Amino acid sequence: MLRFPNIFFESPEQAALSGLLVFMLWHQRRFIRQVSQPLRVYFVILLASFWILTKSSAGNYLPLFMPFMFVFVYELYRLQPFRNRWLTLVTAAYFVIGIYGTVEFIYRNLTEPYLPVAYRNLRPHIQPAKTGFVPITFFFNEYEQFGRLLCSENFGSQAVSSPDPTAKMADWAYARKVEFILMDYQYRPEYFYPKPGTKTIPHYTLTYFDGRFAVYKQS
């Protein structure tokens, strides 16, 4: 729960909007009570409920807050329009970071292989294994190809701090009879992944690695 505010600052794009909102809340703090009551109440309820219910600080929850963040910024400015150097800097930073992030996202989508196709091409390197430990994105189009799939995010939400997170992950998977572990170092990197190209981890041996994907099977 203490890490929940990270959803507002997980990426530069998210931090830019959050920074703009924080600046407006501070600069226009005298007018916060004049903002529409339904907007204030609903935003507080949304924030409090997700803070209590959410099990991780993943930034993909931020889109639920963004419409209210934009409206809050607009309403605070509308109540008392102003111009100063800080507003110019914060607004410029928001647009520059946002445009750069959008261009980067489009470029990545155009240059990276279509994800379902990339996963489908991995099947010859995985089968005939039936139980896998995979990124959450692997479930799309691949779920019916295997008997049982465990999500790496599931382990990440349960894991406690460890001096060797890779070994802890491998032990966790082995205890659940996982036959293969798939790692995506480019699209879904995890803190518990070993260094790319590592030949062995506890209970598992590297059988495939192309610079992005790694497949480990039981030794």
# chains A, B, ... in the order shown; residues from 1 in each chain; ligands from 1
>>> select_by_dssp(residues="region 1-217 of chain A", states="alpha helix (DSSP H)", output="VMD selection string")
chain A and resid 12 to 27 37 to 53 66 to 79 85 to 111 115 to 120 123 to 126 152 to 158 165 to 175
>>> write_last_selection(atoms="C-alpha atoms", output="JSON list (two decimals), in the first residue's frame")
[["chain", "number", "residue", "atom", "x", "y", "z"],
["A", 12, "PRO", "CA", 7.96, 9.91, -17.60],
["A", 13, "GLU", "CA", 4.58, 10.36, -19.30],
["A", 14, "GLN", "CA", 2.71, 9.57, -16.10],
["A", 15, "ALA", "CA", 5.04, 11.73, -14.02],
["A", 16, "ALA", "CA", 4.54, 14.67, -16.39],
["A", 17, "LEU", "CA", 0.76, 14.70, -15.94],
["A", 18, "SER", "CA", 1.04, 14.05, -12.21],
["A", 19, "GLY", "CA", 3.55, 16.88, -11.89],
["A", 20, "LEU", "CA", 1.22, 19.25, -13.72],
["A", 21, "LEU", "CA", -1.64, 18.32, -11.39],
["A", 22, "VAL", "CA", 0.51, 18.68, -8.25],
["A", 23, "PHE", "CA", 1.68, 22.09, -9.43],
["A", 24, "MET", "CA", -1.88, 23.26, -10.05],
["A", 25, "LEU", "CA", -3.09, 21.92, -6.69],
["A", 26, "TRP", "CA", -0.33, 23.81, -4.91],
["A", 27, "HIS", "CA", -0.55, 27.04, -6.88],
["A", 37, "GLN", "CA", -18.11, 18.91, -5.30],
["A", 38, "PRO", "CA", -19.04, 15.76, -7.29],
["A", 39, "LEU", "CA", -15.63, 15.93, -8.99],
["A", 40, "ARG", "CA", -13.78, 16.29, -5.69],
["A", 41, "VAL", "CA", -15.77, 13.59, -3.92],
["A", 42, "TYR", "CA", -15.60, 11.08, -6.77],
["A", 43, "PHE", "CA", -11.87, 11.59, -7.26],
["A", 44, "VAL", "CA", -11.19, 11.05, -3.55],
["A", 45, "ILE", "CA", -13.40, 7.92, -3.48],
["A", 46, "LEU", "CA", -11.67, 6.53, -6.58],
["A", 47, "LEU", "CA", -8.23, 7.18, -5.12],
["A", 48, "ALA", "CA", -9.07, 5.74, -1.69],
["A", 49, "SER", "CA", -10.82, 2.63, -3.03],
["A", 50, "PHE", "CA", -7.99, 1.73, -5.41],
["A", 51, "TRP", "CA", -5.40, 2.44, -2.72],
["A", 52, "ILE", "CA", -7.13, -0.10, -0.48],
["A", 53, "LEU", "CA", -7.97, -2.74, -3.09],
["A", 66, "MET", "CA", -6.44, 10.50, -15.98],
["A", 67, "PRO", "CA", -9.85, 11.95, -17.02],
["A", 68, "PHE", "CA", -10.32, 13.36, -13.52],
["A", 69, "MET", "CA", -6.75, 14.64, -13.41],
["A", 70, "PHE", "CA", -7.28, 16.54, -16.67],
["A", 71, "VAL", "CA", -10.59, 17.99, -15.46],
["A", 72, "PHE", "CA", -9.05, 18.97, -12.12],
["A", 73, "VAL", "CA", -6.24, 20.84, -13.89],
["A", 74, "TYR", "CA", -8.72, 22.60, -16.15],
["A", 75, "GLU", "CA", -11.12, 23.52, -13.35],
["A", 76, "LEU", "CA", -8.36, 24.87, -11.12],
["A", 77, "TYR", "CA", -7.03, 27.02, -13.94],
["A", 78, "ARG", "CA", -10.49, 28.21, -14.99],
["A", 79, "LEU", "CA", -11.32, 29.43, -11.48],
["A", 85, "ARG", "CA", 7.29, 30.94, -15.65],
["A", 86, "TRP", "CA", 6.56, 27.79, -13.66],
["A", 87, "LEU", "CA", 3.27, 27.15, -15.44],
["A", 88, "THR", "CA", 5.05, 27.52, -18.77],
["A", 89, "LEU", "CA", 7.82, 25.12, -17.74],
["A", 90, "VAL", "CA", 5.51, 22.46, -16.28],
["A", 91, "THR", "CA", 3.11, 22.62, -19.25],
["A", 92, "ALA", "CA", 5.96, 22.52, -21.77],
["A", 93, "ALA", "CA", 7.49, 19.53, -19.98],
["A", 94, "TYR", "CA", 4.14, 17.74, -20.09],
["A", 95, "PHE", "CA", 3.71, 18.23, -23.84],
["A", 96, "VAL", "CA", 7.35, 17.46, -24.74],
["A", 97, "ILE", "CA", 7.43, 14.28, -22.67],
["A", 98, "GLY", "CA", 3.98, 13.25, -23.88],
["A", 99, "ILE", "CA", 4.81, 13.75, -27.56],
["A", 100, "TYR", "CA", 8.15, 11.96, -27.20],
["A", 101, "GLY", "CA", 6.47, 9.03, -25.40],
["A", 102, "THR", "CA", 3.78, 8.78, -28.08],
["A", 103, "VAL", "CA", 6.33, 8.76, -30.91],
["A", 104, "GLU", "CA", 8.42, 6.18, -29.07],
["A", 105, "PHE", "CA", 5.35, 3.98, -28.54],
["A", 106, "ILE", "CA", 4.34, 4.17, -32.21],
["A", 107, "TYR", "CA", 7.90, 3.43, -33.34],
["A", 108, "ARG", "CA", 8.09, 0.40, -31.05],
["A", 109, "ASN", "CA", 4.79, -0.95, -32.35],
["A", 110, "LEU", "CA", 5.96, -0.54, -35.96],
["A", 111, "THR", "CA", 9.36, -2.13, -35.46],
["A", 115, "LEU", "CA", 3.36, -10.14, -30.07],
["A", 116, "PRO", "CA", 0.98, -13.10, -30.70],
["A", 117, "VAL", "CA", 3.09, -14.08, -33.72],
["A", 118, "ALA", "CA", 6.31, -13.79, -31.71],
["A", 119, "TYR", "CA", 4.89, -16.09, -29.03],
["A", 120, "ARG", "CA", 3.53, -18.54, -31.60],
["A", 123, "ARG", "CA", 6.14, -23.07, -29.61],
["A", 124, "PRO", "CA", 8.75, -25.36, -31.21],
["A", 125, "HIS", "CA", 11.18, -24.38, -28.45],
["A", 126, "ILE", "CA", 8.67, -25.06, -25.67],
["A", 152, "SER", "CA", 5.03, -14.24, -13.61],
["A", 153, "GLU", "CA", 3.09, -11.27, -12.23],
["A", 154, "ASN", "CA", 1.46, -13.71, -9.80],
["A", 155, "PHE", "CA", 4.86, -14.58, -8.39],
["A", 156, "GLY", "CA", 5.88, -10.92, -8.34],
["A", 157, "SER", "CA", 2.89, -9.96, -6.20],
["A", 158, "GLN", "CA", 3.55, -12.78, -3.70],
["A", 165, "PRO", "CA", 15.24, -13.24, -6.42],
["A", 166, "THR", "CA", 16.06, -15.47, -9.40],
["A", 167, "ALA", "CA", 16.62, -18.49, -7.18],
["A", 168, "LYS", "CA", 13.47, -17.71, -5.22],
["A", 169, "MET", "CA", 11.50, -17.52, -8.46],
["A", 170, "ALA", "CA", 12.95, -20.82, -9.69],
["A", 171, "ASP", "CA", 12.17, -22.54, -6.39],
["A", 172, "TRP", "CA", 8.62, -21.15, -6.52],
["A", 173, "ALA", "CA", 8.13, -22.48, -10.04],
["A", 174, "TYR", "CA", 9.69, -25.87, -9.29],
["A", 175, "ALA", "CA", 7.46, -26.34, -6.23]]
>>> closest_residue(among="A:Thr207, A:Ser162, A:Gln80, A:Gln127", to="Gln145 (chain A)", atoms="only C-alpha atoms")
A:Gln127
>>> atom_distance(atom1="CA of Gln34 (chain A)", atom2="CA of Phe4 (chain A)")
27.7 Å
>>> atom_distance(atom1="CA of Asn6 (chain A)", atom2="CA of Thr54 (chain A)")
12.1 Å
>>> decode(residues="region 14-29 of chain A", atoms="all heavy atoms", output="mmCIF file, in the first residue's frame")
data_model
loop_
_atom_site.group_PDB
_atom_site.id
_atom_site.type_symbol
_atom_site.label_atom_id
_atom_site.label_comp_id
_atom_site.auth_asym_id
_atom_site.auth_seq_id
_atom_site.Cartn_x
_atom_site.Cartn_y
_atom_site.Cartn_z
ATOM 1 N N GLN A 14 3.589 9.505 -17.261
ATOM 2 C CA GLN A 14 2.715 9.573 -16.098
ATOM 3 C C GLN A 14 3.185 10.636 -15.126
ATOM 4 O O GLN A 14 2.384 11.382 -14.561
ATOM 5 C CB GLN A 14 2.670 8.203 -15.416
ATOM 6 C CG GLN A 14 2.032 7.132 -16.282
ATOM 7 C CD GLN A 14 2.394 5.730 -15.839
ATOM 8 O OE1 GLN A 14 3.275 5.529 -15.024
ATOM 9 N NE2 GLN A 14 1.724 4.742 -16.418
ATOM 10 N N ALA A 15 4.489 10.729 -14.932
ATOM 11 C CA ALA A 15 5.042 11.729 -14.020
ATOM 12 C C ALA A 15 4.778 13.143 -14.523
ATOM 13 O O ALA A 15 4.564 14.060 -13.718
ATOM 14 C CB ALA A 15 6.545 11.502 -13.851
ATOM 15 N N ALA A 16 4.772 13.333 -15.841
ATOM 16 C CA ALA A 16 4.545 14.673 -16.394
ATOM 17 C C ALA A 16 3.139 15.164 -16.060
ATOM 18 O O ALA A 16 2.955 16.312 -15.623
ATOM 19 C CB ALA A 16 4.760 14.649 -17.908
ATOM 20 N N LEU A 17 2.130 14.306 -16.261
ATOM 21 C CA LEU A 17 0.759 14.697 -15.939
ATOM 22 C C LEU A 17 0.586 14.862 -14.433
ATOM 23 O O LEU A 17 -0.055 15.827 -13.980
ATOM 24 C CB LEU A 17 -0.230 13.654 -16.469
ATOM 25 C CG LEU A 17 -1.700 13.882 -16.116
ATOM 26 C CD1 LEU A 17 -2.173 15.251 -16.604
ATOM 27 C CD2 LEU A 17 -2.572 12.762 -16.688
ATOM 28 N N SER A 18 1.149 13.955 -13.668
ATOM 29 C CA SER A 18 1.044 14.052 -12.206
ATOM 30 C C SER A 18 1.727 15.318 -11.700
ATOM 31 O O SER A 18 1.219 15.993 -10.801
ATOM 32 C CB SER A 18 1.669 12.822 -11.551
ATOM 33 O OG SER A 18 1.021 11.641 -11.979
ATOM 34 N N GLY A 19 2.862 15.652 -12.282
ATOM 35 C CA GLY A 19 3.552 16.880 -11.888
ATOM 36 C C GLY A 19 2.738 18.117 -12.202
ATOM 37 O O GLY A 19 2.708 19.063 -11.400
ATOM 38 N N LEU A 20 2.081 18.121 -13.357
ATOM 39 C CA LEU A 20 1.225 19.254 -13.716
ATOM 40 C C LEU A 20 0.078 19.397 -12.724
ATOM 41 O O LEU A 20 -0.245 20.508 -12.286
ATOM 42 C CB LEU A 20 0.681 19.057 -15.132
ATOM 43 C CG LEU A 20 -0.279 20.130 -15.667
ATOM 44 C CD1 LEU A 20 0.396 21.503 -15.682
ATOM 45 C CD2 LEU A 20 -0.778 19.753 -17.064
ATOM 46 N N LEU A 21 -0.547 18.267 -12.349
ATOM 47 C CA LEU A 21 -1.640 18.317 -11.386
ATOM 48 C C LEU A 21 -1.160 18.790 -10.019
ATOM 49 O O LEU A 21 -1.812 19.629 -9.381
ATOM 50 C CB LEU A 21 -2.287 16.929 -11.263
ATOM 51 C CG LEU A 21 -3.401 16.805 -10.212
ATOM 52 C CD1 LEU A 21 -4.555 17.762 -10.530
ATOM 53 C CD2 LEU A 21 -3.898 15.375 -10.119
ATOM 54 N N VAL A 22 -0.027 18.264 -9.554
ATOM 55 C CA VAL A 22 0.507 18.677 -8.253
ATOM 56 C C VAL A 22 0.807 20.167 -8.250
ATOM 57 O O VAL A 22 0.516 20.878 -7.281
ATOM 58 C CB VAL A 22 1.770 17.854 -7.910
ATOM 59 C CG1 VAL A 22 2.481 18.440 -6.691
ATOM 60 C CG2 VAL A 22 1.397 16.400 -7.650
ATOM 61 N N PHE A 23 1.380 20.661 -9.339
ATOM 62 C CA PHE A 23 1.684 22.093 -9.427
ATOM 63 C C PHE A 23 0.411 22.923 -9.341
ATOM 64 O O PHE A 23 0.350 23.921 -8.607
ATOM 65 C CB PHE A 23 2.408 22.390 -10.743
ATOM 66 C CG PHE A 23 2.521 23.857 -11.036
ATOM 67 C CD1 PHE A 23 3.455 24.643 -10.359
ATOM 68 C CD2 PHE A 23 1.698 24.457 -11.976
ATOM 69 C CE1 PHE A 23 3.550 26.012 -10.616
ATOM 70 C CE2 PHE A 23 1.789 25.815 -12.245
ATOM 71 C CZ PHE A 23 2.712 26.597 -11.564
ATOM 72 N N MET A 24 -0.630 22.498 -10.069
ATOM 73 C CA MET A 24 -1.881 23.256 -10.053
ATOM 74 C C MET A 24 -2.539 23.188 -8.680
ATOM 75 O O MET A 24 -3.089 24.193 -8.194
ATOM 76 C CB MET A 24 -2.833 22.714 -11.118
ATOM 77 C CG MET A 24 -2.383 22.976 -12.547
ATOM 78 S SD MET A 24 -2.252 24.742 -12.938
ATOM 79 C CE MET A 24 -3.967 25.245 -12.794
ATOM 80 N N LEU A 25 -2.506 22.027 -8.028
ATOM 81 C CA LEU A 25 -3.090 21.915 -6.693
ATOM 82 C C LEU A 25 -2.386 22.835 -5.700
ATOM 83 O O LEU A 25 -3.039 23.451 -4.842
ATOM 84 C CB LEU A 25 -3.007 20.464 -6.208
ATOM 85 C CG LEU A 25 -3.953 19.462 -6.885
ATOM 86 C CD1 LEU A 25 -3.603 18.047 -6.469
ATOM 87 C CD2 LEU A 25 -5.405 19.770 -6.547
ATOM 88 N N TRP A 26 -1.080 22.953 -5.835
ATOM 89 C CA TRP A 26 -0.332 23.809 -4.914
ATOM 90 C C TRP A 26 -0.559 25.281 -5.239
ATOM 91 O O TRP A 26 -0.858 26.082 -4.344
ATOM 92 C CB TRP A 26 1.158 23.474 -4.983
ATOM 93 C CG TRP A 26 2.006 24.442 -4.200
ATOM 94 C CD1 TRP A 26 2.812 25.423 -4.696
ATOM 95 C CD2 TRP A 26 2.083 24.544 -2.775
ATOM 96 N NE1 TRP A 26 3.404 26.120 -3.687
ATOM 97 C CE2 TRP A 26 2.974 25.603 -2.485
ATOM 98 C CE3 TRP A 26 1.511 23.841 -1.724
ATOM 99 C CZ2 TRP A 26 3.297 25.973 -1.185
ATOM 100 C CZ3 TRP A 26 1.831 24.207 -0.429
ATOM 101 C CH2 TRP A 26 2.706 25.262 -0.166
ATOM 102 N N HIS A 27 -0.433 25.631 -6.499
ATOM 103 C CA HIS A 27 -0.551 27.045 -6.878
ATOM 104 C C HIS A 27 -1.968 27.569 -6.677
ATOM 105 O O HIS A 27 -2.157 28.731 -6.292
ATOM 106 C CB HIS A 27 -0.126 27.238 -8.336
ATOM 107 C CG HIS A 27 0.027 28.679 -8.740
ATOM 108 N ND1 HIS A 27 -1.057 29.465 -9.115
ATOM 109 C CD2 HIS A 27 1.118 29.474 -8.801
ATOM 110 C CE1 HIS A 27 -0.622 30.671 -9.411
ATOM 111 N NE2 HIS A 27 0.703 30.711 -9.221
ATOM 112 N N GLN A 28 -2.961 26.727 -6.916
ATOM 113 C CA GLN A 28 -4.365 27.137 -6.833
ATOM 114 C C GLN A 28 -5.042 26.556 -5.585
ATOM 115 O O GLN A 28 -6.261 26.393 -5.569
ATOM 116 C CB GLN A 28 -5.111 26.658 -8.083
ATOM 117 C CG GLN A 28 -4.553 27.154 -9.406
ATOM 118 C CD GLN A 28 -4.798 28.631 -9.619
ATOM 119 O OE1 GLN A 28 -4.102 29.464 -9.036
ATOM 120 N NE2 GLN A 28 -5.791 28.960 -10.440
ATOM 121 N N ARG A 29 -4.283 26.294 -4.557
ATOM 122 C CA ARG A 29 -4.843 25.649 -3.364
ATOM 123 C C ARG A 29 -5.967 26.454 -2.732
ATOM 124 O O ARG A 29 -6.839 25.899 -2.066
ATOM 125 C CB ARG A 29 -3.733 25.374 -2.352
ATOM 126 C CG ARG A 29 -2.936 26.598 -1.919
ATOM 127 C CD ARG A 29 -1.713 26.192 -1.102
ATOM 128 N NE ARG A 29 -0.915 27.329 -0.661
ATOM 129 C CZ ARG A 29 -0.028 27.949 -1.416
ATOM 130 N NH1 ARG A 29 0.166 27.545 -2.671
ATOM 131 N NH2 ARG A 29 0.659 28.977 -0.931
#
